[in-house]
$ cat structure_7.cif   # mmCIF, C-alpha atoms
data_target
loop_
_atom_site.label_atom_id
_atom_site.label_comp_id
_atom_site.auth_asym_id
_atom_site.auth_seq_id
_atom_site.Cartn_x
_atom_site.Cartn_y
_atom_site.Cartn_z
CA MET A 1 99.93 25.83 138.99
CA ALA A 2 102.55 28.40 138.18
CA ASP A 3 101.70 32.03 138.53
CA PRO A 4 101.12 33.81 135.19
CA PRO A 5 104.02 35.95 134.05
CA PRO A 6 103.74 39.54 135.11
CA ALA A 7 102.32 41.96 132.52
CA PRO A 8 104.96 44.03 130.82
CA PRO A 9 105.13 47.57 132.17
CA ARG A 10 103.26 50.19 130.22
CA ARG A 11 105.52 52.51 128.32
CA TYR A 12 104.27 56.01 128.89
CA GLY A 13 107.54 57.68 128.03
CA PRO A 14 107.17 58.07 124.24
CA VAL A 15 103.50 59.10 124.53
CA LEU A 16 104.26 61.67 127.18
CA ARG A 17 107.16 63.01 125.22
CA THR A 18 104.95 63.30 122.11
CA GLY A 19 102.30 65.16 124.09
CA ARG A 20 104.83 67.56 125.57
CA THR A 21 106.45 68.23 122.20
CA ALA A 22 103.09 68.76 120.52
CA SER A 23 102.00 71.10 123.29
CA ALA A 24 105.19 73.12 122.94
CA VAL A 25 104.85 73.36 119.14
CA ALA A 26 101.17 74.28 119.44
CA ALA A 27 101.91 76.94 122.02
CA GLY A 28 104.65 78.41 119.85
CA ALA A 29 102.44 78.48 116.76
CA ALA A 30 99.58 80.05 118.72
CA LEU A 31 101.90 82.75 120.02
CA LEU A 32 102.98 83.52 116.45
CA MET A 33 99.35 83.74 115.31
CA VAL A 34 98.22 86.18 117.97
CA GLY A 35 101.51 87.75 118.98
CA HIS A 36 103.10 88.36 115.58
CA PRO A 37 103.47 92.12 116.24
CA LEU A 38 105.99 91.21 118.95
CA VAL A 39 108.26 89.32 116.54
CA PRO A 40 111.30 91.58 115.93
CA ASN A 41 111.59 93.02 112.46
CA ARG A 42 115.36 93.01 112.64
CA PRO A 43 117.40 91.47 111.31
CA GLY A 44 116.00 90.91 107.84
CA HIS A 45 112.43 92.20 108.39
CA LEU A 46 111.43 88.75 109.60
CA GLY A 47 108.33 90.13 111.33
CA SER A 48 107.01 91.50 108.04
CA LEU A 49 107.77 88.21 106.29
CA LEU A 50 105.86 86.25 108.94
CA GLU A 51 102.89 88.62 108.70
CA THR A 52 102.81 88.35 104.91
CA LEU A 53 102.38 84.58 105.19
CA LEU A 54 100.50 84.53 108.49
CA PRO A 55 97.47 82.40 107.45
CA TRP A 56 99.83 79.58 106.52
CA THR A 57 100.74 79.06 110.18
CA GLY A 58 97.58 76.94 110.17
CA LEU A 59 99.48 74.18 108.35
CA VAL A 60 100.93 73.25 111.73
CA VAL A 61 97.48 72.02 112.80
CA PRO A 62 97.10 69.03 110.40
CA ALA A 63 100.79 68.16 110.82
CA LEU A 64 100.40 68.00 114.61
CA LEU A 65 97.11 66.13 114.39
CA LEU A 66 98.54 63.49 112.06
CA THR A 67 101.55 62.99 114.31
CA ALA A 68 99.32 62.72 117.36
CA LEU A 69 97.08 60.11 115.74
CA LEU A 70 100.03 58.06 114.54
CA ARG A 71 101.55 58.10 118.04
CA ARG A 72 98.15 57.63 119.70
CA SER A 73 98.80 60.55 121.99
CA VAL A 74 95.68 62.09 123.49
CA PRO A 75 97.54 65.16 124.85
CA ALA A 76 98.97 65.82 121.38
CA VAL A 77 95.51 65.53 119.82
CA VAL A 78 94.18 68.03 122.34
CA ALA A 79 97.08 70.41 121.63
CA ALA A 80 96.42 70.22 117.88
CA LEU A 81 92.70 70.85 118.32
CA LEU A 82 93.32 73.81 120.61
CA LEU A 83 95.72 75.29 118.07
CA GLY A 84 93.07 74.79 115.40
CA ALA A 85 90.60 76.69 117.55
CA VAL A 86 93.06 79.57 117.85
CA TRP A 87 93.55 79.65 114.08
CA VAL A 88 89.78 79.68 113.49
CA GLY A 89 89.41 82.47 116.03
CA VAL A 90 92.01 84.58 114.22
CA PHE A 91 91.13 83.85 110.59
CA GLY A 92 87.56 82.51 110.73
CA PRO A 93 85.91 85.91 110.10
CA LEU A 94 87.78 86.19 106.78
CA LEU A 95 86.46 82.82 105.65
CA LEU A 96 82.87 83.61 106.62
CA GLY A 97 82.75 86.88 104.70
CA GLY A 98 81.32 90.17 105.81
CA GLY A 99 79.16 91.54 102.99
CA SER A 100 76.86 94.38 104.00
CA GLY A 101 73.82 93.19 102.03
CA THR A 102 73.69 96.63 100.41
CA LYS A 103 73.08 96.82 96.67
CA PRO A 104 76.31 97.92 94.95
CA ASP A 105 76.57 100.63 92.30
CA LEU A 106 80.25 100.33 91.30
CA THR A 107 82.44 97.37 90.32
CA VAL A 108 86.21 97.79 90.25
CA VAL A 109 89.07 95.53 89.14
CA THR A 110 92.81 95.84 89.61
CA HIS A 111 95.47 93.68 88.02
CA ASN A 112 99.24 93.58 87.81
CA VAL A 113 99.22 92.38 84.22
CA GLY A 114 102.92 91.47 84.14
CA ALA A 115 105.47 93.10 81.86
CA THR A 116 106.07 89.78 80.08
CA ASN A 117 102.39 88.86 79.67
CA PRO A 118 102.25 86.89 76.39
CA ASP A 119 98.59 87.73 75.59
CA PRO A 120 97.44 91.22 76.65
CA THR A 121 94.30 90.95 74.53
CA ALA A 122 93.07 87.83 76.32
CA THR A 123 93.95 89.38 79.67
CA ALA A 124 91.90 92.50 78.93
CA ARG A 125 88.93 90.40 77.85
CA ALA A 126 89.15 88.34 81.05
CA LEU A 127 88.96 91.52 83.13
CA LEU A 128 85.86 92.70 81.30
CA ALA A 129 84.10 89.47 82.27
CA ALA A 130 83.54 91.06 85.70
CA ASP A 131 81.58 93.90 84.00
CA PRO A 132 83.69 96.54 85.77
CA ASP A 133 83.14 100.28 85.92
CA LEU A 134 86.82 100.86 86.72
CA VAL A 135 89.87 98.84 85.68
CA ALA A 136 93.33 99.63 87.06
CA LEU A 137 96.40 98.03 85.50
CA GLU A 138 99.92 97.88 86.84
CA GLU A 139 103.17 96.86 85.12
CA ILE A 140 101.80 97.82 81.74
CA THR A 141 104.39 98.29 78.98
CA ASP A 142 104.34 100.67 76.04
CA ASP A 143 104.36 97.70 73.66
CA ALA A 144 101.32 96.10 75.31
CA LEU A 145 99.32 99.31 75.81
CA PRO A 146 97.69 99.32 72.32
CA ALA A 147 96.35 95.79 72.90
CA TYR A 148 94.78 96.78 76.22
CA ARG A 149 93.33 99.93 74.69
CA ALA A 150 91.81 98.01 71.77
CA VAL A 151 89.74 95.91 74.17
CA LEU A 152 89.09 98.15 77.17
CA ASP A 153 88.31 101.39 75.30
CA ARG A 154 85.18 99.83 73.81
CA ARG A 155 83.53 99.39 77.20
CA LEU A 156 85.37 101.94 79.32
CA PRO A 157 85.83 105.05 77.16
CA HIS A 158 87.68 107.23 79.69
CA SER A 159 91.29 106.42 80.53
CA VAL A 160 94.62 107.74 81.73
CA HIS A 161 98.05 106.15 81.35
CA ILE A 162 101.09 107.34 83.29
CA GLY A 163 104.33 105.39 83.25
CA THR A 164 103.56 101.73 83.94
CA VAL A 165 100.09 102.21 85.47
CA ALA A 166 96.76 103.00 83.83
CA LEU A 167 93.10 103.49 84.71
CA TRP A 168 90.04 102.87 82.53
CA SER A 169 86.64 104.19 83.59
CA ARG A 170 83.02 104.06 82.50
CA TYR A 171 82.69 107.60 83.85
CA PRO A 172 84.58 110.82 83.05
CA LEU A 173 88.01 111.40 84.53
CA ALA A 174 89.52 114.69 85.67
CA GLU A 175 92.46 115.96 87.71
CA THR A 176 94.65 113.12 86.44
CA ARG A 177 98.26 113.34 87.56
CA ARG A 178 101.28 111.34 88.54
CA ILE A 179 102.01 110.99 92.22
CA THR A 180 105.68 110.67 93.05
CA ILE A 181 106.19 108.21 95.88
CA ASP A 182 109.16 106.30 94.48
CA PRO A 183 111.63 108.70 92.83
CA GLY A 184 113.01 107.39 89.58
CA TRP A 185 109.88 105.34 88.83
CA SER A 186 106.58 106.40 87.32
CA ARG A 187 104.09 103.83 88.52
CA SER A 188 101.42 105.61 90.52
CA LEU A 189 98.66 108.05 89.59
CA ARG A 190 95.63 109.86 90.94
CA ALA A 191 92.42 110.72 89.12
CA ARG A 192 89.00 112.04 89.97
CA VAL A 193 86.21 109.79 88.72
CA GLN A 194 82.88 111.53 88.22
CA ALA A 195 80.63 108.64 89.27
CA PRO A 196 76.81 109.00 89.22
CA THR A 197 76.73 109.29 93.02
CA GLY A 198 79.48 111.89 93.15
CA PRO A 199 83.22 112.28 92.63
CA LEU A 200 85.75 109.71 93.81
CA ALA A 201 89.48 110.14 94.26
CA VAL A 202 91.07 107.04 92.70
CA TYR A 203 94.69 106.06 93.17
CA VAL A 204 96.46 103.41 91.10
CA VAL A 205 99.66 102.31 92.82
CA HIS A 206 102.44 99.81 92.19
CA LEU A 207 104.86 99.77 95.11
CA PRO A 208 108.46 98.54 94.76
CA SER A 209 109.05 94.81 94.80
CA VAL A 210 110.22 92.82 97.81
CA ARG A 211 112.48 89.79 97.80
CA VAL A 212 113.51 86.99 100.14
CA GLY A 213 117.24 86.35 100.05
CA ALA A 214 120.39 86.02 102.09
CA ALA A 215 119.75 89.45 103.62
CA GLY A 216 116.24 88.44 104.68
CA PHE A 217 113.03 90.10 103.51
CA THR A 218 114.14 93.16 101.56
CA THR A 219 111.41 95.78 101.98
CA GLY A 220 113.39 99.02 102.26
CA ARG A 221 112.28 100.69 99.03
CA ARG A 222 108.70 99.50 99.44
CA ASP A 223 108.54 100.86 102.98
CA ALA A 224 109.92 104.23 101.88
CA ALA A 225 107.28 104.43 99.13
CA LEU A 226 104.60 103.47 101.64
CA ALA A 227 105.62 106.34 103.90
CA ALA A 228 105.43 108.74 100.94
CA LEU A 229 102.00 107.37 99.99
CA ASP A 230 100.77 107.92 103.54
CA LEU A 231 101.74 111.58 103.27
CA VAL A 232 99.90 111.94 99.95
CA LEU A 233 96.74 110.45 101.45
CA ASP A 234 97.00 112.78 104.44
CA HIS A 235 96.45 115.66 102.00
CA GLU A 236 93.57 114.01 100.11
CA ARG A 237 90.49 116.17 100.65
CA ARG A 238 87.92 113.97 98.94
CA LYS A 239 85.79 111.98 101.34
CA LYS A 240 85.43 109.05 98.96
CA VAL A 241 88.73 107.40 98.09
CA LEU A 242 89.70 104.21 96.26
CA LEU A 243 93.23 102.84 96.14
CA LEU A 244 93.84 100.06 93.64
CA GLY A 245 97.06 98.26 92.98
CA ASP A 246 99.95 95.99 93.77
CA LEU A 247 101.29 96.94 97.20
CA ASN A 248 103.78 94.07 97.41
CA GLY A 249 102.61 93.33 100.93
CA ALA A 250 99.72 91.87 102.91
CA THR A 251 97.43 94.01 105.02
CA THR A 252 98.70 92.07 108.05
CA ASP A 253 102.24 93.34 107.43
CA ARG A 254 103.05 95.85 110.16
CA ARG A 255 104.60 98.18 107.59
CA LEU A 256 101.18 98.65 106.03
CA ALA A 257 99.58 99.58 109.36
CA PRO A 258 99.70 103.36 108.78
CA LEU A 259 98.03 102.92 105.38
CA MET A 260 95.41 100.59 106.85
CA SER A 261 94.60 103.19 109.51
CA ARG A 262 93.53 105.50 106.65
CA LEU A 263 91.77 103.02 104.37
CA ALA A 264 89.86 99.73 104.70
CA SER A 265 90.50 96.54 102.73
CA VAL A 266 87.50 95.37 100.74
CA GLU A 267 88.69 91.78 101.16
CA ASP A 268 88.77 92.13 104.93
CA GLU A 269 85.39 93.89 104.98
CA ALA A 270 83.38 91.92 102.44
CA GLY A 271 85.42 89.03 101.04
CA SER A 272 84.85 85.36 101.78
CA GLY A 273 88.39 84.04 101.86
CA PHE A 274 91.99 85.14 101.97
CA GLY A 275 91.99 86.62 98.48
CA PHE A 276 95.50 85.38 97.72
CA SER A 277 96.67 86.85 94.41
CA TRP A 278 100.34 85.89 94.01
CA PRO A 279 101.84 83.84 92.45
CA ALA A 280 99.09 83.13 89.95
CA ALA A 281 99.83 79.41 89.60
CA PHE A 282 99.46 78.75 93.34
CA PRO A 283 98.69 81.95 95.27
CA ILE A 284 100.16 82.14 98.77
CA ALA A 285 99.83 85.85 99.58
CA ARG A 286 97.49 88.75 98.98
CA VAL A 287 99.67 91.55 97.63
CA ASP A 288 97.11 93.08 95.23
CA HIS A 289 94.53 95.22 96.96
CA ILE A 290 91.46 97.40 96.72
CA LEU A 291 91.34 99.82 99.65
CA VAL A 292 88.55 102.31 100.31
CA ARG A 293 87.44 105.25 102.38
CA GLY A 294 83.95 106.71 102.47
CA VAL A 295 82.35 103.89 100.46
CA VAL A 296 80.85 100.55 101.51
CA PRO A 297 82.33 97.27 100.17
CA THR A 298 79.59 94.76 99.38
CA ASP A 299 81.68 91.94 97.89
CA ALA A 300 85.29 91.13 97.02
CA TRP A 301 86.76 88.26 95.04
CA THR A 302 89.72 87.03 92.99
CA LEU A 303 89.38 86.51 89.25
CA PRO A 304 90.84 83.53 87.35
CA ALA A 305 94.49 83.58 86.35
CA THR A 306 95.55 85.36 83.16
CA GLY A 307 98.91 85.49 81.41
CA SER A 308 100.35 87.39 84.38
CA ASP A 309 102.13 86.07 87.45
CA HIS A 310 99.45 87.83 89.55
CA ARG A 311 95.72 87.16 89.66
CA PRO A 312 93.24 90.02 89.23
CA VAL A 313 91.15 91.10 92.21
CA ALA A 314 87.71 92.72 92.08
CA ALA A 315 85.18 94.34 94.37
CA SER A 316 81.67 95.69 94.28
CA LEU A 317 81.02 98.90 96.20
CA LYS A 318 78.18 101.11 97.34
CA THR A 319 79.31 104.68 96.79
#
$ encode --input "structure_7.cif" --output "structure tokens"
Amino acid sequence: MADPPPAPPRRYGPVLRTGRTASAVAAGAALLMVGHPLVPNRPGHLGSLLETLLPWTGLVVPALLLTALLRRSVPAVVAALLLGAVWVGVFGPLLLGGGSGTKPDLTVVTHNVGATNPDPTATARALLAADPDLVALEEITDDALPAYRAVLDRRLPHSVHIGTVALWSRYPLAETRRITIDPGWSRSLRARVQAPTGPLAVYVVHLPSVRVGAAGFTTGRRDAALAALDLVLDHERRKKVLLLGDLNGATTDRRLAPLMSRLASVEDEAGSGFGFSWPAAFPIARVDHILVRGVVPTDAWTLPATGSDHRPVAASLKT
């Protein structure tokens, strides 16, 4: 009887190569997740751009896992799962939420309403659905202002409008003034809100826009305005401070680090997700913020889309 033909040799090459490639990609993605401050910001402010979109680095995980399963590579599966564990370690606390369990006494909403918003009346009504005590609006036009006033004044009788920003309040306002952080533009203000538990310093801010283009991530004007805002806050004597507005940047962006050393993000402290607010149709970044000092965030959330290209964000606070 003839000997059986020898078994064909096992081909480990493609599997090994897949495992090594997956491991290298996973290691690179993990380094970006935890080591993003080391990414150079020049040229083109690429570090800031990465940090603005940092949670989306997690998309590498399902891509790696699918490739590993299709190639039947155990090392690649392990690499994908380890990368997933790193992502959960970095961003898991945001998804779990961190509410204090304290009963709130103030609800605030901020919204970049969009200069070309086709229905200001509907937008104002949508904001009132949160039953807010304070509403801050950015990118408000003179033409749209009467429509916002017609709705908001009924529930929030105290207001101030300076340039393209405005604040409505259930409680009396005082010491209202423009703050100049971006010369040539009037889109930031400060007011004192006389809340039942005591006065609050409230800032409404719309920082200059950023763009992604051939020159990279253009943040020069925004960063200059941020530096000016930091100086203003250094001179704020009130212990309780709220900052509401469109900062055109995520709290993970290194350029916002000085501001975040002075104030806390309600989304980071008490939210239960990433709180992405832009663009409204499919939000990929949180650029609209409620920041606090001297008060306790109890909840934070994003409201449904309006006629703006941003979504409103809201928070409940214990003052």
$ atom_distance --input "structure_7.cif" --atom1 "atom CA of A:Leu263" --atom2 "atom CA of A:Ala305"
26.6 Å
$ atom_distance --input "structure_7.cif" --atom1 "atom CA of A:Arg254" --atom2 "atom CA of A:Gly35"
12.1 Å
$ resolve_selection --input "structure_7.cif" --expression "the PyMOL selection byres ((chain A and resi 170-185) around 7)" --output "PyMOL selection string"
chain A and resi 133-134+156-158+162+169+186-195+225+228-229
$ resolve_selection --input "structure_7.cif" --expression "the PyMOL selection byres ((chain A and resi 118-129) around 9)" --output "list in words"
Val109, Thr110, His111, Val113, Ala115, Thr116, Asn117, Ala130, Asp131, Pro132, Val135, Ala144, Leu145, Ala147, Tyr148, Arg149, Ala150, Val151, Leu152, Arg155, Leu303, Pro304, Ala305, Thr306, Gly307, Ser308 and Pro312 of chain A
$ closest_residue --input "structure_7.cif" --among "A:Leu137, A:Ala76, A:Leu32, A:Ala224" --to "A:Trp56" --atoms "all atoms listed in the file"
A:Leu32
$ closest_residue --input "structure_7.cif" --among "A:Ile290, A:Gly19, A:Ala285, A:Thr141" --to "A:His161" --atoms "all atoms listed in the file"
A:Thr141
$ closest_residue --input "structure_7.cif" --among "A:Lys318, A:His206, A:Arg211, A:Arg221" --to "A:Val266" --atoms "only C-alpha atoms"
A:Lys318
$ closest_residue --input "structure_7.cif" --among "A:Ala270, A:Leu49, A:Leu64, A:Ala281" --to "A:Pro93" --atoms "all atoms listed in the file"
A:Ala270
$ resolve_selection --input "structure_7.cif" --expression "the PyMOL selection byres ((chain A and resi 256) around 12)" --output "PDB file with C-alpha atoms, in the coordinates of the input"
ATOM      1  CA  SER A  48     107.010  91.500 108.040  1.00  0.00           C
ATOM      2  CA  GLU A  51     102.890  88.620 108.700  1.00  0.00           C
ATOM      3  CA  THR A  52     102.810  88.350 104.910  1.00  0.00           C
ATOM      4  CA  LEU A 207     104.860  99.770  95.110  1.00  0.00           C
ATOM      5  CA  THR A 219     111.410  95.780 101.980  1.00  0.00           C
ATOM      6  CA  ARG A 222     108.700  99.500  99.440  1.00  0.00           C
ATOM      7  CA  ASP A 223     108.540 100.860 102.980  1.00  0.00           C
ATOM      8  CA  ALA A 224     109.920 104.230 101.880  1.00  0.00           C
ATOM      9  CA  ALA A 225     107.280 104.430  99.130  1.00  0.00           C
ATOM     10  CA  LEU A 226     104.600 103.470 101.640  1.00  0.00           C
ATOM     11  CA  ALA A 227     105.620 106.340 103.900  1.00  0.00           C
ATOM     12  CA  LEU A 229     102.000 107.370  99.990  1.00  0.00           C
ATOM     13  CA  ASP A 230     100.770 107.920 103.540  1.00  0.00           C
ATOM     14  CA  LEU A 247     101.290  96.940  97.200  1.00  0.00           C
ATOM     15  CA  ASN A 248     103.780  94.070  97.410  1.00  0.00           C
ATOM     16  CA  GLY A 249     102.610  93.330 100.930  1.00  0.00           C
ATOM     17  CA  ALA A 250      99.720  91.870 102.910  1.00  0.00           C
ATOM     18  CA  THR A 251      97.430  94.010 105.020  1.00  0.00           C
ATOM     19  CA  THR A 252      98.700  92.070 108.050  1.00  0.00           C
ATOM     20  CA  ASP A 253     102.240  93.340 107.430  1.00  0.00           C
ATOM     21  CA  ARG A 254     103.050  95.850 110.160  1.00  0.00           C
ATOM     22  CA  ARG A 255     104.600  98.180 107.590  1.00  0.00           C
ATOM     23  CA  ALA A 257      99.580  99.580 109.360  1.00  0.00           C
ATOM     24  CA  PRO A 258      99.700 103.360 108.780  1.00  0.00           C
ATOM     25  CA  LEU A 259      98.030 102.920 105.380  1.00  0.00           C
ATOM     26  CA  MET A 260      95.410 100.590 106.850  1.00  0.00           C
ATOM     27  CA  SER A 261      94.600 103.190 109.510  1.00  0.00           C
ATOM     28  CA  ARG A 262      93.530 105.500 106.650  1.00  0.00           C
ATOM     29  CA  LEU A 263      91.770 103.020 104.370  1.00  0.00           C
ATOM     30  CA  ALA A 264      89.860  99.730 104.700  1.00  0.00           C
ATOM     31  CA  SER A 265      90.500  96.540 102.730  1.00  0.00           C
ATOM     32  CA  VAL A 287      99.670  91.550  97.630  1.00  0.00           C
ATOM     33  CA  HIS A 289      94.530  95.220  96.960  1.00  0.00           C
ATOM     34  CA  LEU A 291      91.340  99.820  99.650  1.00  0.00           C
TER      35      LEU A 291
END
$ closest_residue --input "structure_7.cif" --among "A:Thr57, A:Thr197, A:Ser272, A:Thr164" --to "A:Ala315" --atoms "only C-alpha atoms"
A:Ser272
$ atom_distance --input "structure_7.cif" --atom1 "atom CA of A:Arg293" --atom2 "atom CA of A:Gly89"
26.6 Å
$ closest_residue --input "structure_7.cif" --among "A:Pro62, A:Gly245, A:Pro75, A:Gly92" --to "A:Glu139" --atoms "all atoms listed in the file"
A:Gly245
$ build_atoms --input "structure_7.cif" --residues "stretch 307-316 of chain A" --atoms "all heavy atoms" --output "short mmCIF file (atom, residue, chain, number, x, y, z; two decimals), keeping the file's coordinate frame"
data_model
loop_
_atom_site.label_atom_id
_atom_site.label_comp_id
_atom_site.auth_asym_id
_atom_site.auth_seq_id
_atom_site.Cartn_x
_atom_site.Cartn_y
_atom_site.Cartn_z
N GLY A 307 97.53 85.73 81.80
CA GLY A 307 98.91 85.49 81.41
C GLY A 307 99.92 86.13 82.33
O GLY A 307 101.13 86.07 82.06
N SER A 308 99.47 86.73 83.42
CA SER A 308 100.35 87.39 84.38
C SER A 308 100.76 86.44 85.50
O SER A 308 100.15 85.37 85.69
CB SER A 308 99.63 88.61 84.98
OG SER A 308 100.37 89.17 86.05
N ASP A 309 101.77 86.85 86.27
CA ASP A 309 102.13 86.07 87.45
C ASP A 309 101.32 86.49 88.67
O ASP A 309 101.53 85.96 89.77
CB ASP A 309 103.63 86.19 87.75
CG ASP A 309 104.07 87.63 87.97
OD1 ASP A 309 103.36 88.56 87.51
OD2 ASP A 309 105.13 87.86 88.59
N HIS A 310 100.41 87.45 88.52
CA HIS A 310 99.45 87.83 89.55
C HIS A 310 98.05 87.46 89.08
O HIS A 310 97.80 87.38 87.87
CB HIS A 310 99.47 89.34 89.81
CG HIS A 310 100.73 89.84 90.44
ND1 HIS A 310 100.76 90.44 91.68
CD2 HIS A 310 102.01 89.86 90.00
CE1 HIS A 310 101.99 90.81 91.97
NE2 HIS A 310 102.77 90.46 90.96
N ARG A 311 97.13 87.31 90.02
CA ARG A 311 95.72 87.16 89.66
C ARG A 311 95.01 88.50 89.86
O ARG A 311 95.35 89.26 90.78
CB ARG A 311 95.06 86.08 90.51
CG ARG A 311 95.59 84.69 90.22
CD ARG A 311 94.71 83.61 90.76
NE ARG A 311 95.25 82.28 90.47
CZ ARG A 311 94.58 81.14 90.62
NH1 ARG A 311 93.34 81.18 91.08
NH2 ARG A 311 95.14 79.99 90.32
N PRO A 312 94.01 88.80 89.04
CA PRO A 312 93.24 90.02 89.23
C PRO A 312 92.36 89.92 90.47
O PRO A 312 91.92 88.83 90.84
CB PRO A 312 92.39 90.12 87.97
CG PRO A 312 92.87 89.03 87.05
CD PRO A 312 93.54 88.01 87.89
N VAL A 313 92.09 91.06 91.10
CA VAL A 313 91.15 91.10 92.21
C VAL A 313 90.07 92.13 91.90
O VAL A 313 90.31 93.11 91.18
CB VAL A 313 91.84 91.43 93.55
CG1 VAL A 313 92.82 90.34 93.91
CG2 VAL A 313 92.54 92.78 93.50
N ALA A 314 88.87 91.88 92.41
CA ALA A 314 87.71 92.72 92.08
C ALA A 314 86.89 92.98 93.33
O ALA A 314 86.98 92.25 94.33
CB ALA A 314 86.85 92.03 91.01
N ALA A 315 86.07 94.01 93.26
CA ALA A 315 85.18 94.34 94.37
C ALA A 315 83.97 95.07 93.85
O ALA A 315 84.02 95.78 92.83
CB ALA A 315 85.90 95.20 95.41
N SER A 316 82.86 94.87 94.54
CA SER A 316 81.67 95.69 94.28
C SER A 316 81.48 96.63 95.47
O SER A 316 81.72 96.24 96.62
CB SER A 316 80.43 94.81 94.08
OG SER A 316 80.24 93.93 95.18
#
